[in-house]
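Engineer: Contents of my_file.cif (mmCIF, C-alpha atoms and all ligand atoms):
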```
data_final
#
loop_
_atom_site.label_atom_id
_atom_site.label_comp_id
_atom_site.auth_asym_id
_atom_site.auth_seq_id
_atom_site.Cartn_x
_atom_site.Cartn_y
_atom_site.Cartn_z
CA MET S 3 65.67 51.01 -10.53
CA THR S 4 62.26 50.93 -8.85
CA THR S 5 61.46 47.65 -10.59
CA LEU S 6 64.74 46.14 -9.43
CA MET S 7 64.22 47.43 -5.88
CA SER S 8 60.66 46.07 -5.82
CA GLY S 9 62.01 42.69 -6.93
CA ALA S 10 64.60 42.80 -4.15
CA MET S 11 61.96 43.79 -1.57
CA SER S 12 59.78 40.94 -2.77
CA ILE S 13 62.62 38.51 -1.94
CA VAL S 14 63.08 40.09 1.50
CA MET S 15 59.35 39.81 2.22
CA TYR S 16 59.15 36.24 0.94
CA SER S 17 62.08 35.24 3.13
CA CYS S 18 60.42 36.87 6.19
CA HIS S 19 57.18 35.10 5.29
CA ASN S 20 59.02 31.76 5.23
CA SER S 21 60.53 32.32 8.68
CA PHE S 22 57.71 34.13 10.50
CA GLY S 23 54.62 33.54 8.34
CA ASP S 24 52.62 32.20 11.30
CA GLU S 25 53.37 35.17 13.52
CA VAL S 26 53.31 38.00 10.96
CA LYS S 27 50.52 37.49 8.47
CA GLY S 28 50.29 39.17 5.07
CA LEU S 29 53.98 39.12 4.12
CA GLY S 30 53.46 36.37 1.53
CA ARG S 31 50.70 38.34 -0.23
CA TRP S 32 52.78 41.49 -0.27
CA ALA S 33 55.75 39.54 -1.72
CA LEU S 34 53.51 38.15 -4.47
CA GLY S 35 51.98 41.60 -5.05
CA LEU S 36 55.44 43.09 -5.54
CA LEU S 37 56.29 40.34 -8.03
CA CYS S 38 53.16 41.32 -9.99
CA VAL S 39 54.30 44.97 -9.97
CA VAL S 40 57.70 43.84 -11.30
CA GLY S 41 55.88 41.76 -13.93
CA ALA S 42 53.80 44.82 -14.88
CA ALA S 43 56.95 46.92 -15.34
CA VAL S 44 58.52 44.21 -17.51
CA ALA S 45 55.35 43.94 -19.63
CA PHE S 46 55.35 47.73 -20.06
CA MET S 47 59.00 47.68 -21.17
CA LEU S 48 58.13 45.02 -23.77
CA ARG S 49 55.45 47.17 -25.44
CA ASP S 50 57.74 47.64 -28.48
CA THR S 51 58.56 43.94 -28.68
CA LEU S 52 55.12 42.45 -27.98
CA PRO S 53 51.95 43.69 -29.71
CA PRO S 54 51.50 47.00 -27.80
CA LYS S 55 47.90 46.35 -26.80
CA VAL S 56 48.77 42.93 -25.38
CA ALA S 57 51.63 44.49 -23.42
CA LEU S 58 49.37 47.25 -22.09
CA MET S 59 46.62 44.82 -21.08
CA ALA S 60 49.17 42.63 -19.29
CA THR S 61 50.63 45.71 -17.56
CA ASN S 62 47.26 46.83 -16.26
CA ALA S 63 46.11 43.35 -15.21
CA LEU S 64 49.37 42.71 -13.32
CA LEU S 65 49.27 46.13 -11.67
CA PHE S 66 45.71 45.52 -10.44
CA TRP S 67 46.80 42.12 -9.13
CA GLY S 68 49.81 43.62 -7.38
CA ILE S 69 47.92 46.46 -5.69
CA GLY S 70 45.00 44.15 -4.84
CA LEU S 71 47.29 41.55 -3.28
CA SER S 72 48.88 44.22 -1.11
CA MET S 73 45.36 45.04 0.13
CA ILE S 74 44.76 41.37 0.95
CA GLY S 75 48.17 41.24 2.69
CA THR S 76 47.33 44.29 4.79
CA GLN S 77 43.98 42.76 5.77
CA GLU S 78 45.72 39.55 6.87
CA PHE S 79 48.32 41.57 8.77
CA PHE S 80 45.57 43.24 10.79
CA GLY S 81 43.87 39.88 11.41
CA GLN S 82 40.90 40.65 9.15
CA PRO S 83 39.33 38.17 6.72
CA PRO S 84 40.59 38.83 3.18
CA SER S 85 38.02 40.57 0.93
CA TRP S 86 38.42 38.25 -2.05
CA ARG S 87 35.14 39.47 -3.55
CA LEU S 88 36.33 43.06 -3.56
CA PHE S 89 39.69 41.89 -4.93
CA HIS S 90 38.24 39.85 -7.81
CA GLY S 91 35.42 42.30 -8.51
CA THR S 92 37.76 45.31 -8.71
CA TRP S 93 40.30 43.36 -10.76
CA LEU S 94 37.64 42.22 -13.23
CA ALA S 95 36.10 45.70 -13.49
CA GLY S 96 39.60 47.12 -14.05
CA VAL S 97 40.60 44.64 -16.74
CA LEU S 98 37.24 44.91 -18.53
CA GLY S 99 37.24 48.71 -18.29
CA VAL S 100 40.82 49.11 -19.47
CA GLY S 101 40.20 46.48 -22.19
CA TRP S 102 37.11 48.33 -23.41
CA TRP S 103 38.80 51.76 -23.60
CA LEU S 104 41.91 50.21 -25.15
CA LEU S 105 40.54 47.66 -27.61
CA VAL S 106 36.89 48.44 -28.33
CA ALA S 107 36.49 52.20 -27.98
CA PRO S 108 40.05 53.57 -27.57
CA ASP S 109 39.99 56.47 -25.13
CA PHE S 110 43.11 57.16 -23.11
CA MET S 111 41.38 59.59 -20.75
CA ALA S 112 38.70 57.00 -19.80
CA ARG S 113 41.37 54.32 -19.39
CA VAL S 114 43.41 56.41 -16.99
CA ALA S 115 40.29 57.37 -15.03
CA THR S 116 39.16 53.72 -14.80
CA PHE S 117 42.57 52.55 -13.63
CA SER S 118 42.99 55.40 -11.14
CA PHE S 119 39.55 55.11 -9.53
CA LEU S 120 39.79 51.33 -9.15
CA ALA S 121 43.35 51.50 -7.75
CA PHE S 122 41.96 54.09 -5.31
CA VAL S 123 39.50 51.43 -4.05
CA PHE S 124 42.41 49.14 -3.07
CA TYR S 125 44.37 51.93 -1.36
CA ALA S 126 41.36 53.45 0.41
CA ALA S 127 40.40 50.01 1.79
CA GLN S 128 43.83 49.86 3.40
CA VAL S 129 43.57 53.36 4.85
CA ARG S 130 40.31 52.26 6.48
CA LEU S 131 42.04 49.19 7.95
CA VAL S 132 44.83 51.28 9.44
CA LEU S 133 42.34 53.73 10.95
CA ARG S 134 40.26 50.91 12.46
CA HIS S 135 42.85 48.39 13.53
CA GLY S 136 46.24 50.12 13.48
CA ALA S 137 48.30 50.32 16.66
CA ARG S 138 49.28 53.72 18.01
CA HIS S 139 52.83 53.46 16.84
CA PHE S 140 55.11 55.31 14.47
CA SER S 141 55.33 52.40 11.99
CA THR S 142 51.52 52.21 11.61
CA ARG S 143 51.13 55.98 11.36
CA PHE S 144 53.88 56.09 8.73
CA PHE S 145 52.19 53.35 6.69
CA GLY S 146 48.80 55.04 7.09
CA ALA S 147 50.15 58.44 6.03
CA LEU S 148 51.78 56.98 2.90
CA LEU S 149 48.60 55.10 1.99
CA THR S 150 46.55 58.28 2.39
CA LEU S 151 48.99 60.18 0.18
CA GLN S 152 48.93 57.40 -2.43
CA SER S 153 45.11 57.34 -2.37
CA ALA S 154 45.07 61.10 -2.90
CA VAL S 155 47.57 60.83 -5.78
CA VAL S 156 45.65 58.16 -7.73
CA LEU S 157 42.32 59.86 -7.05
CA SER S 158 43.57 63.24 -8.29
CA ARG S 159 45.11 61.60 -11.36
CA GLY S 160 41.72 60.09 -12.21
CA CYS S 161 39.96 63.43 -11.66
CA LEU S 162 42.60 65.30 -13.66
CA ALA S 163 42.22 62.85 -16.55
CA LEU S 164 38.46 63.44 -16.58
CA LEU S 165 38.70 67.21 -16.21
CA SER S 166 41.75 68.08 -18.33
CA GLY S 167 41.95 65.19 -20.77
CA GLY S 168 44.29 62.23 -21.07
CA ALA S 169 47.32 64.18 -22.33
CA SER S 170 47.73 65.91 -18.95
CA VAL S 171 48.37 62.58 -17.19
CA ASP S 172 50.09 60.56 -19.94
CA VAL S 173 53.29 59.30 -18.32
CA LEU S 174 54.95 59.00 -21.71
CA LEU S 175 54.55 62.72 -22.43
CA ASP S 176 56.94 65.20 -20.91
CA SER S 177 54.44 67.24 -18.91
CA GLY S 178 54.99 68.52 -15.37
CA VAL S 179 52.02 66.68 -13.91
CA ALA S 180 52.91 63.39 -15.65
CA ASN S 181 56.52 63.60 -14.46
CA LEU S 182 55.37 64.35 -10.93
CA TYR S 183 52.98 61.39 -11.04
CA LEU S 184 55.67 59.07 -12.40
CA ALA S 185 58.12 60.11 -9.71
CA MET S 186 55.47 59.75 -6.98
CA ALA S 187 54.27 56.36 -8.26
CA ASN S 188 57.80 54.94 -8.33
CA PHE S 189 58.75 56.41 -4.99
CA MET S 190 55.50 55.42 -3.30
CA ALA S 191 55.66 51.80 -4.48
CA LEU S 192 58.96 51.48 -2.64
CA MET S 193 58.05 53.57 0.37
CA LEU S 194 54.82 51.65 0.96
CA THR S 195 56.78 48.40 0.91
CA VAL S 196 59.32 49.80 3.35
CA ALA S 197 56.52 51.08 5.61
CA PHE S 198 54.78 47.69 5.62
CA MET S 199 58.10 46.02 6.47
CA THR S 200 58.55 48.52 9.33
CA MET S 201 55.18 47.47 10.72
CA ALA S 202 56.04 43.79 10.22
CA THR S 203 59.37 44.26 12.02
CA ARG S 204 57.62 45.90 14.94
CA ARG S 205 55.13 43.00 15.10
CA LEU S 206 58.03 40.55 14.99
CA GLN S 207 59.75 42.35 17.86
CA THR S 208 56.61 41.93 19.98
CA VAL S 209 56.39 38.25 19.01
CA LEU S 210 60.04 37.58 19.88
CA GLU S 211 59.70 39.41 23.20
CA SER S 212 56.66 37.32 24.01
CA ARG S 213 58.47 34.12 23.00
CA SER S 214 61.33 34.90 25.38
CA THR S 215 58.98 35.40 28.33
CA HIS S 216 56.20 32.87 27.67
CA ASP S 217 55.89 29.09 27.68
CA PRO S 218 55.16 27.95 24.10
CA LEU S 219 52.89 25.04 25.11
CA THR S 220 50.52 26.72 27.56
CA GLY S 221 51.01 30.41 26.74
CA VAL S 222 51.58 31.36 30.41
CA LEU S 223 54.82 33.03 31.55
CA ASN S 224 58.09 31.13 31.68
CA ARG S 225 60.74 31.50 34.39
CA ARG S 226 62.14 34.68 32.82
CA GLY S 227 58.73 36.29 32.40
CA PHE S 228 57.81 35.33 35.95
CA ALA S 229 60.98 36.90 37.38
CA ARG S 230 60.08 40.17 35.63
CA ALA S 231 56.47 40.07 36.87
CA TYR S 232 57.74 39.36 40.38
CA GLU S 233 60.17 42.31 40.33
CA ARG S 234 57.39 44.63 39.13
CA GLN S 235 54.92 43.53 41.79
CA ARG S 236 57.56 43.51 44.50
CA ALA S 237 58.53 47.10 43.73
CA LEU S 238 54.87 48.18 43.76
CA LEU S 239 53.92 46.41 46.96
CA ARG S 240 57.09 47.25 48.87
CA ARG S 241 56.04 50.91 48.91
CA SER S 242 52.56 50.14 50.23
CA GLY S 243 53.64 47.30 52.53
CA ARG S 244 50.99 44.99 51.03
CA PRO S 245 51.67 41.21 51.09
CA LEU S 246 52.85 39.08 48.18
CA THR S 247 52.02 35.39 48.14
CA LEU S 248 53.39 32.61 45.98
CA MET S 249 51.84 29.29 45.06
CA ILE S 250 53.52 26.24 43.51
CA ILE S 251 51.10 23.87 41.80
CA ASP S 252 52.27 20.40 40.80
CA LEU S 253 50.15 17.81 39.01
CA ASP S 254 49.90 14.50 40.83
CA HIS S 255 51.23 11.37 39.18
CA PHE S 256 51.38 13.12 35.84
CA LYS S 257 53.74 10.46 34.54
CA LEU S 258 50.79 8.02 34.63
CA VAL S 259 48.75 10.30 32.31
CA ASN S 260 51.55 10.27 29.78
CA ASP S 261 52.08 6.53 30.15
CA LYS S 262 48.36 5.67 29.95
CA HIS S 263 47.00 8.27 27.48
CA GLY S 264 50.09 9.39 25.56
CA HIS S 265 52.22 12.52 25.56
CA LEU S 266 49.79 14.44 23.34
CA MET S 267 46.96 13.98 25.83
CA GLY S 268 49.43 14.96 28.59
CA ASP S 269 50.05 18.21 26.72
CA ARG S 270 46.30 18.87 26.46
CA VAL S 271 45.95 18.33 30.22
CA LEU S 272 48.76 20.84 30.84
CA ILE S 273 47.06 23.40 28.58
CA HIS S 274 43.73 22.87 30.35
CA VAL S 275 45.32 23.22 33.79
CA ALA S 276 47.14 26.42 32.77
CA ARG S 277 43.84 27.88 31.58
CA ALA S 278 42.01 26.77 34.73
CA ILE S 279 44.67 28.41 36.90
CA ALA S 280 44.53 31.68 34.95
CA GLN S 281 40.72 31.77 35.10
CA ALA S 282 40.69 31.24 38.86
CA LEU S 283 42.89 34.31 39.44
CA ARG S 284 42.68 38.08 39.01
CA GLU S 285 44.18 39.99 36.05
CA ILE S 286 46.94 41.32 38.25
CA ASP S 287 48.17 37.86 39.34
CA ALA S 288 50.92 36.14 37.35
CA VAL S 289 50.93 32.48 36.23
CA ALA S 290 54.06 30.70 35.03
CA ARG S 291 55.10 27.22 34.03
CA PHE S 292 58.48 26.38 35.48
CA GLY S 293 58.90 23.30 33.29
CA GLY S 294 57.36 19.83 33.37
CA GLU S 295 54.06 19.68 35.28
CA GLU S 296 54.83 22.49 37.72
CA PHE S 297 53.14 25.90 37.69
CA VAL S 298 53.98 28.90 39.84
CA VAL S 299 51.50 31.65 40.69
CA LEU S 300 52.20 35.09 42.13
CA LEU S 301 49.27 36.57 44.02
CA SER S 302 49.56 40.28 44.42
CA ASP S 303 48.29 41.93 47.60
CA ALA S 304 47.03 38.59 48.95
CA GLU S 305 47.36 36.95 52.36
CA PRO S 306 47.59 33.12 52.63
CA PRO S 307 43.84 32.67 53.40
CA SER S 308 42.82 34.27 50.10
CA ALA S 309 45.57 32.26 48.39
CA VAL S 310 44.02 29.09 49.83
CA GLN S 311 40.64 30.16 48.43
CA ALA S 312 42.23 30.69 45.01
CA ALA S 313 43.91 27.27 45.31
CA GLU S 314 40.55 25.65 46.01
CA ARG S 315 39.04 27.39 42.97
CA ILE S 316 41.86 25.96 40.86
CA ARG S 317 41.35 22.44 42.25
CA ALA S 318 37.63 22.66 41.51
CA ALA S 319 38.30 23.62 37.88
CA LEU S 320 40.53 20.63 37.10
CA PRO S 321 39.42 18.00 34.60
CA GLY S 322 37.62 15.08 36.15
CA GLY S 323 34.32 13.36 36.51
CA PRO S 324 32.37 11.33 33.99
CA GLY S 325 31.96 12.72 30.50
CA HIS S 326 35.02 14.98 30.68
CA ARG S 327 37.09 14.75 27.54
CA LEU S 328 40.35 14.83 29.54
CA PRO S 329 41.61 12.29 32.10
CA ALA S 330 40.77 13.08 35.74
CA CYS S 331 43.48 15.07 37.38
CA THR S 332 44.50 16.38 40.81
CA VAL S 333 47.16 18.80 42.01
CA SER S 334 49.20 19.41 45.12
CA ILE S 335 49.77 23.04 46.07
CA GLY S 336 52.34 24.73 48.30
CA ILE S 337 51.76 28.33 49.43
CA ALA S 338 54.15 30.84 51.00
CA SER S 339 53.90 34.56 51.78
CA HIS S 340 56.84 36.93 52.03
CA ALA S 341 58.09 36.72 55.60
CA SER S 342 59.98 40.01 55.46
CA ASP S 343 61.19 42.71 53.11
CA GLU S 344 64.58 41.07 52.96
CA GLU S 345 63.36 37.69 51.74
CA SER S 346 64.40 36.98 48.13
CA LEU S 347 62.35 35.27 45.41
CA ASP S 348 64.53 32.19 45.83
CA GLY S 349 63.78 32.15 49.57
CA LEU S 350 60.05 32.44 48.93
CA LEU S 351 60.17 29.71 46.28
CA ALA S 352 62.08 27.42 48.64
CA ARG S 353 59.41 27.81 51.35
CA ALA S 354 56.54 27.26 48.89
CA ASP S 355 58.41 24.21 47.57
CA ALA S 356 58.77 22.84 51.10
CA ALA S 357 54.99 23.27 51.58
CA LEU S 358 54.40 21.49 48.27
CA TYR S 359 56.68 18.66 49.36
CA ARG S 360 54.54 18.34 52.51
CA ALA S 361 51.36 18.23 50.41
CA LYS S 362 52.85 15.41 48.31
CA ALA S 363 54.08 13.54 51.38
CA ASN S 364 50.67 13.88 53.08
CA GLY S 365 48.89 12.08 50.23
CA ARG S 366 48.70 14.67 47.38
CA ASP S 367 45.51 16.38 46.09
CA ARG S 368 45.75 19.01 48.84
CA VAL S 369 46.93 22.51 49.77
CA GLU S 370 49.64 23.21 52.35
CA VAL S 371 50.72 26.65 53.59
CA SER S 372 54.26 27.44 54.65
CA GLU S 373 54.53 28.48 58.30
CA THR S 374 55.37 32.14 58.15
CA PRO S 375 56.26 34.08 61.27
CA ALA S 376 54.22 37.01 59.93
CA PRO S 377 51.11 37.62 62.08
CA ALA S 378 48.83 37.76 59.05
CA THR S 379 49.48 34.15 58.16
CA ALA S 380 46.42 31.98 58.73
CA PRO S 381 46.71 28.43 60.00
CA ALA S 382 47.31 26.04 57.19
CA PRO S 383 43.96 24.64 56.17
CA ALA S 384 44.46 21.38 54.46
CA SER S 385 42.01 20.32 51.84
CA ALA S 386 39.74 17.38 52.13
CA ALA S 387 41.44 14.07 52.53
CA GLY S 388 43.88 13.50 49.72
CA SER S 389 43.24 10.95 47.09
CA ASP S 390 45.95 9.32 45.10
CA ASN S 391 44.08 10.13 41.93
CA PRO S 392 46.54 9.63 39.10
CA CYS S 393 47.11 12.71 36.99
N1 LIG A 401 52.94 15.60 28.15
C1 LIG A 401 53.95 16.23 28.73
N2 LIG A 401 54.59 15.64 29.76
C2 LIG A 401 55.60 16.29 30.36
C3 LIG A 401 56.02 17.56 29.92
N3 LIG A 401 57.07 17.95 30.73
C4 LIG A 401 57.27 16.95 31.61
N4 LIG A 401 56.39 15.96 31.41
C5 LIG A 401 56.24 14.68 32.11
O1 LIG A 401 55.85 14.92 33.44
C6 LIG A 401 56.14 13.73 34.18
C7 LIG A 401 56.66 14.14 35.55
O2 LIG A 401 56.83 12.98 36.27
P1 LIG A 401 57.30 12.96 37.76
O3 LIG A 401 58.35 14.00 37.97
O4 LIG A 401 57.66 11.55 38.10
O5 LIG A 401 56.06 13.46 38.59
P2 LIG A 401 54.62 12.84 38.73
O6 LIG A 401 54.42 11.60 37.93
O7 LIG A 401 53.66 13.96 38.48
O8 LIG A 401 54.57 12.44 40.24
P3 LIG A 401 54.38 13.40 41.48
O9 LIG A 401 54.80 14.78 41.08
O10 LIG A 401 55.29 12.82 42.53
O11 LIG A 401 52.97 13.33 41.87
C8 LIG A 401 57.17 12.95 33.36
O12 LIG A 401 56.56 11.80 32.84
C9 LIG A 401 57.52 13.91 32.21
O13 LIG A 401 57.77 13.20 31.02
C10 LIG A 401 55.36 18.15 28.82
O14 LIG A 401 55.66 19.27 28.37
N5 LIG A 401 54.33 17.45 28.26
#
```
Would it be possible to restate this file's structure as structure tokens?
Structural biologist:
Amino acid sequence: MTTLMSGAMSIVMYSCHNSFGDEVKGLGRWALGLLCVVGAAVAFMLRDTLPPKVALMATNALLFWGIGLSMIGTQEFFGQPPSWRLFHGTWLAGVLGVGWWLLVAPDFMARVATFSFLAFVFYAAQVRLVLRHGARHFSTRFFGALLTLQSAVVLSRGCLALLSGGASVDVLLDSGVANLYLAMANFMALMLTVAFMTMATRRLQTVLESRSTHDPLTGVLNRRGFARAYERQRALLRRSGRPLTLMIIDLDHFKLVNDKHGHLMGDRVLIHVARAIAQALREIDAVARFGGEEFVVLLSDAEPPSAVQAAERIRAALPGGPGHRLPACTVSIGIASHASDEESLDGLLARADAALYRAKANGRDRVEVSETPAPATAPAPASAAGSDNPC
């Protein structure tokens, strides 16, 4: 049953790997590892059909592969470089050790100890990963707890084999300890797979949430994500009466960049601009792409004069000048601050858009501020004379 279930879980993991392999790493290795465990079980079942020593060697080699691949999968999941040296070294030591105690100097006790201690290396490496890189979440703690238990089980089996002799841990003999080990080994193989899938599902949930609120090209927020960020900031600032300012940034003549340099270069310009905008702002501010070549920025607790300063920082960080690997680029920016508590996001956007329209009409490559009746609003400082620099 465990073999069948492991085979089924391998298919589930492989299918997840096919759909979300880029976002959730390690699933492919785990799927392959489970297949090896299934292969090991099949080889063990064939020990009466095949020459027994061949079947036992195949069982051990496949089991080492399976457990080792799960370690590599867990490393990839946590974004760590796979330890192929540890994998190959442990596998080779395991196969040589088991081969020696099986073929050259038959000793069941030494074989069990070799297998158990080397399997412990693979499990303990994963416990270390969870402790170092695991998120504080139920799924990770569950996986970590199972790995710790499994490490303890294989370690104690190895010690028991050394201390009490091979018969005490021979899974083919009807002893209490052997039965307990067999039950644990079967159960844990499944539970570890389920626990890893639980972590993978949690990671996937985070990825999907991020996809629904972020722009895939530039990585900044999309309209939906921006609306959420706005609601959060609005609720915070409403209580303190602090101002909220919005900025619409539109690239000038962006169509020319696409026409002259190609769509791919246009995309690279958009990515650069998004990064330049984010770097010119504080952590608390929100940046979004509202489609095409238009970005929207929410400046928390900022009056229009500081928004103008931020706008100038953004303009200064745009690609341009000789030697730059991207085409020169300018932006027009419209700024508006909340006029009153009653003003909606749509109202604020409409006023910032009107200011942007003015910036475009006045020659582009400039900043315009919406005239707000609020006393804090500074006069609209326009930037230096606009150029019609194509971007
Ligand atoms: N490369 C690239 N281009 C895009 C993307 N989205 C929209 N565009 C292009 O952006 C250009 C927008 O052109 P327009 O609306 O005429 O604006 P513009 O040329 O910037 O002119 P002004 O805004 O008036 O200065 C079009 O050529 C679109 O194809 C995108 O994701 N990638």
Engineer: Step by step, measure atom-to-atom distances between ligand LIG 401 (chain A) and each residue using all atoms listed in the file, keep those at most 9 Å, then write them as a PyMOL selection string.
Structural biologist: chain S and resi 219+252-261+264-272+293-296+333-334+362-363+366+390+392-393
Engineer: Using only C-alpha atoms, which residues sit within 6 Å of range 4-20 of chain S once same-chain residues fewer than 3 positions away are excluded, as a PyMOL selection string?
Structural biologist: chain S and resi 23+29-30+33+36+40
Engineer: Return the single residue from S:Thr142, S:Ala127, S:Val39, S:His263 that is closest to Ala202 in chain S, with distances computed using only C-alpha atoms.
Structural biologist: S:Thr142
Engineer: Within 7 Å of range 111-120 of chain S, counting only C-alpha atoms, which residues show up once you throw out same-chain ones fewer than 4 positions away? Write them as a list of chain:residue names, please.
Structural biologist: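 Close residues of range 111-120 of chain S: S:Thr92, S:Gly96, S:Gly99, S:Val100, S:Trp103, S:Phe124, S:Val156, S:Leu157, S:Arg159, S:Gly160, S:Cys161, S:Ala163, S:Leu164, S:Gly167, S:Gly168.
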Engineer: Tell me, in Å to one decimal, how far CA of Pro83 in chain S is from CA of Asn62 in chain S.
Structural biologist: 25.8 Å
Engineer: So which residues touch Ile251 in chain S within 10 Å, counting all atoms listed in the file, skipping near sequence neighbours fewer than 2 positions away, as a list in words?
Structural biologist: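 Result of the neighbour search: Leu248, Met249, Leu253, Asp254, Val275, Ile279, Arg291, Glu295, Glu296, Phe297, Val298, Val299, Ala313, Ile316, Arg317, Val333, Ser334, Ile335, Gly336, Ile337, Ala354, Asp355, Leu358 and Val369 of chain S.
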Engineer: Can you pull out the residues contacting range 189-199 of chain S? Cut-off 7 Å, using all atoms listed in the file, and skip same-chain residues under 6 positions away; I want them as a list in words.
Structural biologist: Ser8, Ser141, Phe144, Phe145, Leu148 and Gln152 of chain S
Engineer: I'd like the interatomic distance between CA of Phe140 in chain S and CA of Thr208 in chain S, to a tenth of an Å.
Structural biologist: 14.5 Å
Engineer: Considering all atoms listed in the file, return as a PDB file with C-alpha atoms, keeping the file's coordinate frame whatever protein or nucleic-acid residues lie within 9 Å of Ser85 in chain S, sequence-local ones (same chain, fewer than 6 positions apart) excluded.
Structural biologist:
```pdb
ATOM      1  CA  MET S  73      45.360  45.040   0.130  1.00  0.00           C
ATOM      2  CA  ILE S  74      44.760  41.370   0.950  1.00  0.00           C
ATOM      3  CA  GLN S  77      43.980  42.760   5.770  1.00  0.00           C
TER       4      GLN S  77
END
```
Engineer: With distances taken over only C-alpha atoms, which residue among S:Ile273, S:Asp287, S:Cys38, S:Gly75 lies nearest Thr61 in chain S?
Structural biologist: S:Cys38
Engineer: May I ask for the distance between CA of Gly365 in chain S and CA of Asn224 in chain S, given in Å to one decimal place?
Structural biologist: 28.1 Å
Engineer: Check the smallest atom-to-atom distance from each of S:Arg213, S:Arg138, S:Arg226, S:His340 to Arg240 in chain S using all atoms listed in the file, then report the winner.
Structural biologist: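 Among the listed residues, S:His340 lies closest to Arg240 in chain S.
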Engineer: Kindly provide, as a ChimeraX atom specification, the polymer residues lying within 12 Å of (39.4, 37.5, 41.9), counting all atoms listed in the file and using the coordinates exactly as they appear in the file.
Structural biologist: /S:279-287,301-304,308-309,311-313,315-316
Engineer: Using all atoms listed in the file, what table do you get, as CSV, when you list each residue of range 184-301 of chain S with an atom no more than 12 Å from range 342-345 of chain S, its nearest pair of atoms, and their distance in Å rounded to one decimal, rows by chain then rising number?
Structural biologist:
```
residue,atom,partner,partner_atom,distance
S:Arg236,CA,S:Asp343,CA,9.4
S:Ala237,CA,S:Asp343,CA,10.7
S:Leu239,CA,S:Asp343,CA,10.2
S:Arg240,CA,S:Asp343,CA,7.4
S:Arg241,CA,S:Asp343,CA,10.6
S:Ser242,CA,S:Asp343,CA,11.7
S:Gly243,CA,S:Asp343,CA,8.9
S:Arg244,CA,S:Asp343,CA,10.7
S:Pro245,CA,S:Ser342,CA,9.5
S:Leu246,CA,S:Ser342,CA,10.2
S:Thr247,CA,S:Ser342,CA,11.8
```
